[in-house]
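Enquirer: Dropping a structure here in structure tokens format, bear with me for questions.
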Amino acid sequence: MTVDPPDRSFFATAAKGTEGALRDELRELRIPRIRADRGGVHFGGDFEHGMRACLRSRIALRVLWRVATFTAADADALYEGAGTVDWSRFLDPQRTLAVSATVKHGALRHTGFVAQRIKDAVVDQMRGRAAARPDVDRHDPDVHVVAHVARDEARLFVDLAGAPLSRRGYRADGGEAPLREHLAAAMLRLGGWRPGAPFADPMCGSGTLPIEAALWAAALPSGGRRHFGFERWRCFDDEAVAAWARERERAQTFAEPVETPVEGSDRDPSALALARANARRAGVTIRLGRRDFGDIRPLPPGSFVVTNPPYGVRVEQDARWIPELRRALDVLRDATVIVITPDRELPRAVGRAADREHTLFNGDLECRLFTWGPA
């Protein structure tokens with residue numbers, strides 16, 4: 001296939017703290033040569049495996065295909081190295097381009113300058129071959145080039161995903177201080193929930209956690225309703241289109257739908273209205289009701305209660321849920337309770353040590369994912 005990567009090296013990026021969950025998820029998708037690293041997971045395989053990660057991963061943020069690695073101790077070496085890539089595989093003068101960069105521990109220290117020099121190399125190559133150049137579109141490019149320069153080594157990637165994979169398309173309005181979709185999916189996996197176990201979120205807000213649980217239980221591809229960056233590349237030819245169709249069809253073989261009761265509740269009727277609208281757009285059915293967290297009732301053995309309560313950095317502090325959580329842990333003695341919070345002292349506040357603790361980042365905010373198993 002004309003789009004096969006020469007070294008078949010991919011990197012799925014992940015939010016800090018979710019790399020292990022992403023590794024396990026990609027293994028379940030039968031993606032080969034997986035290795036977790038800081039910031040994501042390396043994997044190998046064919047281009048179809050990259051497509052599969054875009055379509056099926058609920059935790060990855062982007063899927064990057066490495067197209068070059070070279071020494072870049074100065075601007076000239078960076079320009080020359082970028083010029084060795086055959087960019088005509090991806091671009092022509094009718095397509096648009098964007099370059100983003102990160103730099104660390106090297107002679108090149110300015111991300112904007114690095115991105116500009118790589119863009120110059122790409123544009124100059126295209127102009128030399130086609131007597132015309134692609135335009136730059138920083139908001140919605142056909143081809144997104146990603147550069148990582150560390151210790152004078154440059155790695156260039158093209159972004160298969162295009163827009164971040166966390167944008168599922170179902171959340172037109174996330175409400176106040178929403179939880180991102182990829183973090184919600186990672187919370188479920190890290191907390192030990194699996195489809196089939198009854199699920200409840202007693203502070204569901206706009207519904208991200210129960211919707212992600214319902215999507216997983218229904219075995220619906222997280223990217224099933226969107227288009228990806230690779231579909232806009234020049235090398236996405238008839239053969240690649242056929243391979244993509246096969247991969248979409250094959251996606252249904254990785255998991256079977258599992259009948260799973262999923263519910264959410266909240267004291268805010270406007271949040272519940274958002275949750276209902278988001279669930280409709282996601283194509284899933286969840287039970288939603290107006291209820292105060294303090295009114296939580298016992299659940300069947302084996303149930304999971306997973307929630308993202310309000311906390312002061314995100315929204316105006318509402319501390320009522322802490323004594324309510326203390327009571328809930330007594331009421332839900334046969335259930336597993338999972339809470340994300342920046343308060344590392346929460347177990348002490350509720351008077352019960354957590355069975356598991358995991359560090360996650362909600363954006364730039366360091367949080368703890370606490371899990372209390374059945375008492």
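Please note that chains go A, B, ... in the order of the structure tokens, that every chain numbers its residues from 1, and that ligands are numbered from 1 in the order shown.
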Using only C-alpha atoms, I'd like a table of the residues in segment 279-375 of chain A that come within 10 Å of segment 218-230 of chain A; for each, show the closest atom pair and its distance in Å rounded to one decimal, ordered by chain and ascending number, as CSV.

Expert:
residue,atom,partner,partner_atom,distance
A:Arg281,CA,A:Arg225,CA,10.0
A:Ala282,CA,A:Arg225,CA,8.8
A:Gly283,CA,A:Leu220,CA,9.1
A:Val284,CA,A:Ala218,CA,7.9
A:Thr285,CA,A:Ala218,CA,9.7

Enquirer: Which residues are close to segment 192-209 of chain A, i.e. within 7 Å by only C-alpha atoms, leaving aside same-chain residues fewer than 3 positions away? Reply as a PyMOL selection string.

Expert: chain A and resi 174-175+179+181+184+188-189+212-213+216-217+258-266+271-272+274-275+293+302-309

Enquirer: Which residue, A:Trp233, A:Phe90, A:Phe370, A:Phe10, has the smallest gap to Gly191 of chain A when you use only C-alpha atoms?

Expert: A:Phe370

Enquirer: Please build the interface table for segment 32-106 of chain A against segment 125-128 of chain A with a cut-off of 8 Å, listing for each qualifying residue the nearest atom pair and the distance in Å to one decimal; count only C-alpha atoms, order rows by chain and increasing number, and write it as CSV.

Expert:
residue,atom,partner,partner_atom,distance
A:Gly83,CA,A:Gln125,CA,6.7
A:Trp87,CA,A:Met126,CA,7.5
A:Ser88,CA,A:Met126,CA,7.1
A:Asp92,CA,A:Met126,CA,7.1
A:Pro93,CA,A:Met126,CA,7.3

Enquirer: Which residues, written as a PyMOL selection string, have at least one atom at most 7 Å from Arg333 of chain A, with only C-alpha atoms counted and residues fewer than 4 positions away on the same chain left out?

Expert: chain A and resi 329+374-375

Enquirer: Keeping C-alpha atoms for every residue in the selection just given, could you write it to a file as a PDB file, in the first residue's frame?

Expert:
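That gives us part.pdb:
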ATOM      1  CA  LEU A 329     -19.124   4.414  51.266  1.00  0.00           C
ATOM      2  CA  PRO A 374     -16.442  -3.603  48.323  1.00  0.00           C
ATOM      3  CA  ALA A 375     -16.111  -3.522  52.099  1.00  0.00           C
TER       4      ALA A 375
END

Enquirer: Quick check, in Å to one decimal: how far apart do atom CA of Ser270 of chain A and atom CA of Arg290 of chain A lie?

Expert: 10.1 Å

Enquirer: Report as a list of chain:residue names: the residues of segment 117-204 of chain A with a DSSP assignment of strand (DSSP E), based on the backbone of this structure.

Expert: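 The strand (DSSP E) residues within segment 117-204 of chain A come out as A:Asp135, A:Val136, A:Val143, A:His144, A:Val145, A:Val146, A:Ala147, A:His148, A:Val149, A:Ala150, A:Glu153, A:Ala154, A:Arg155, A:Leu156, A:Phe157, A:Val158, A:Asp159, A:Phe199, A:Ala200, A:Asp201.
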
Enquirer: So that I can check the surroundings of Pro134 of chain A, please list as a list of chain:residue names every protein, DNA and RNA residue that reaches within 7 Å of it, counting only C-alpha atoms and ignoring chain neighbours fewer than 3 positions away.

Expert: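 Residues near the query, excluding close chain neighbours: A:Asp92, A:Pro93, A:Gln94, A:Arg95, A:Thr96, A:Leu97, A:Val123.
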
Enquirer: Could you find all residues in segment 23-227 of chain A that DSSP calls helix (DSSP H, G or I) from the backbone, and write them as a ChimeraX atom specification?

Expert: /A:23-28,47-56,75-83,87-89,111-130,181-190,208-217

Enquirer: Set the distance at 9 Å and use only C-alpha atoms: which residues neighbour Ala53 of chain A once local chain neighbours fewer than 2 positions away are removed? I'd like the list as a PDB file with N, CA and C atoms, in the first residue's frame.

Expert:
ATOM      1  N   ALA A  12       1.073   6.624  19.853  1.00  0.00           N
ATOM      2  CA  ALA A  12      -0.225   7.123  20.287  1.00  0.00           C
ATOM      3  C   ALA A  12      -0.010   7.969  21.522  1.00  0.00           C
ATOM      4  N   LEU A  26      -4.650  -0.917  23.733  1.00  0.00           N
ATOM      5  CA  LEU A  26      -4.117  -1.253  22.411  1.00  0.00           C
ATOM      6  C   LEU A  26      -3.813  -2.744  22.297  1.00  0.00           C
ATOM      7  N   LEU A  29      -6.805  -4.480  21.304  1.00  0.00           N
ATOM      8  CA  LEU A  29      -7.108  -4.242  19.900  1.00  0.00           C
ATOM      9  C   LEU A  29      -6.175  -5.011  18.970  1.00  0.00           C
ATOM     10  N   ILE A  31      -2.974  -4.839  18.495  1.00  0.00           N
ATOM     11  CA  ILE A  31      -1.976  -3.998  17.839  1.00  0.00           C
ATOM     12  C   ILE A  31      -0.598  -4.461  18.301  1.00  0.00           C
ATOM     13  N   GLU A  48      -2.910  -0.153   8.623  1.00  0.00           N
ATOM     14  CA  GLU A  48      -4.218  -0.510   9.154  1.00  0.00           C
ATOM     15  C   GLU A  48      -4.244  -0.480  10.681  1.00  0.00           C
ATOM     16  N   HIS A  49      -3.104  -0.796  11.314  1.00  0.00           N
ATOM     17  CA  HIS A  49      -3.065  -0.738  12.776  1.00  0.00           C
ATOM     18  C   HIS A  49      -3.175   0.711  13.264  1.00  0.00           C
ATOM     19  N   GLY A  50      -2.586   1.637  12.525  1.00  0.00           N
ATOM     20  CA  GLY A  50      -2.757   3.048  12.863  1.00  0.00           C
ATOM     21  C   GLY A  50      -4.198   3.490  12.701  1.00  0.00           C
ATOM     22  N   MET A  51      -4.846   3.041  11.604  1.00  0.00           N
ATOM     23  CA  MET A  51      -6.269   3.326  11.414  1.00  0.00           C
ATOM     24  C   MET A  51      -7.085   2.773  12.576  1.00  0.00           C
ATOM     25  N   LEU A  55      -9.677   4.636  15.184  1.00  0.00           N
ATOM     26  CA  LEU A  55     -11.088   4.297  15.214  1.00  0.00           C
ATOM     27  C   LEU A  55     -11.540   3.762  16.560  1.00  0.00           C
ATOM     28  N   ARG A  56     -10.690   2.941  17.212  1.00  0.00           N
ATOM     29  CA  ARG A  56     -11.146   2.181  18.365  1.00  0.00           C
ATOM     30  C   ARG A  56     -10.647   2.682  19.719  1.00  0.00           C
ATOM     31  N   SER A  57      -9.525   3.396  19.743  1.00  0.00           N
ATOM     32  CA  SER A  57      -8.994   3.789  21.052  1.00  0.00           C
ATOM     33  C   SER A  57      -9.882   4.836  21.705  1.00  0.00           C
ATOM     34  N   ARG A  58     -10.171   4.626  22.969  1.00  0.00           N
ATOM     35  CA  ARG A  58     -10.946   5.582  23.743  1.00  0.00           C
ATOM     36  C   ARG A  58     -10.045   6.480  24.599  1.00  0.00           C
ATOM     37  N   ALA A  60      -6.398   7.253  23.667  1.00  0.00           N
ATOM     38  CA  ALA A  60      -5.382   8.002  22.920  1.00  0.00           C
ATOM     39  C   ALA A  60      -5.884   9.398  22.564  1.00  0.00           C
ATOM     40  N   VAL A  63      -2.709   9.813  17.093  1.00  0.00           N
ATOM     41  CA  VAL A  63      -1.912   8.694  16.598  1.00  0.00           C
ATOM     42  C   VAL A  63      -0.953   9.260  15.562  1.00  0.00           C
TER      43      VAL A  63
END

Enquirer: So, with only C-alpha atoms as the atoms that count, which of A:Ile34, A:Gly17, A:Arg246, A:Ala130 lies closest to Arg368 of chain A?

Expert: A:Gly17

Enquirer: Grab the atom CA of Cys367 of chain A to atom CA of Asp343 of chain A distance for me, in Å with one decimal place.

Expert: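 Atom-to-atom, atom CA of Cys367 of chain A to atom CA of Asp343 of chain A, that is 7.1 Å.
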
Enquirer: Rounded to one decimal place, report the atom CA of Arg287 of chain A-atom CA of Asn362 of chain A distance in Å.

Expert: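 Between atom CA of Arg287 of chain A and atom CA of Asn362 of chain A the gap works out to 26.0 Å.
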
Enquirer: Considering only C-alpha atoms, state which residue in the set A:Arg168, A:Lys16, A:Arg23, A:Arg52 is at the smallest distance from Arg38 of chain A.

Expert: A:Lys16

Enquirer: Which neighbours of His182 of chain A fall inside 8 Å, counting only C-alpha atoms, when residues of the same chain fewer than 4 positions from it are skipped, and could you give them as a VMD selection string?

Expert: chain A and resid 58 to 61 165 to 166 186
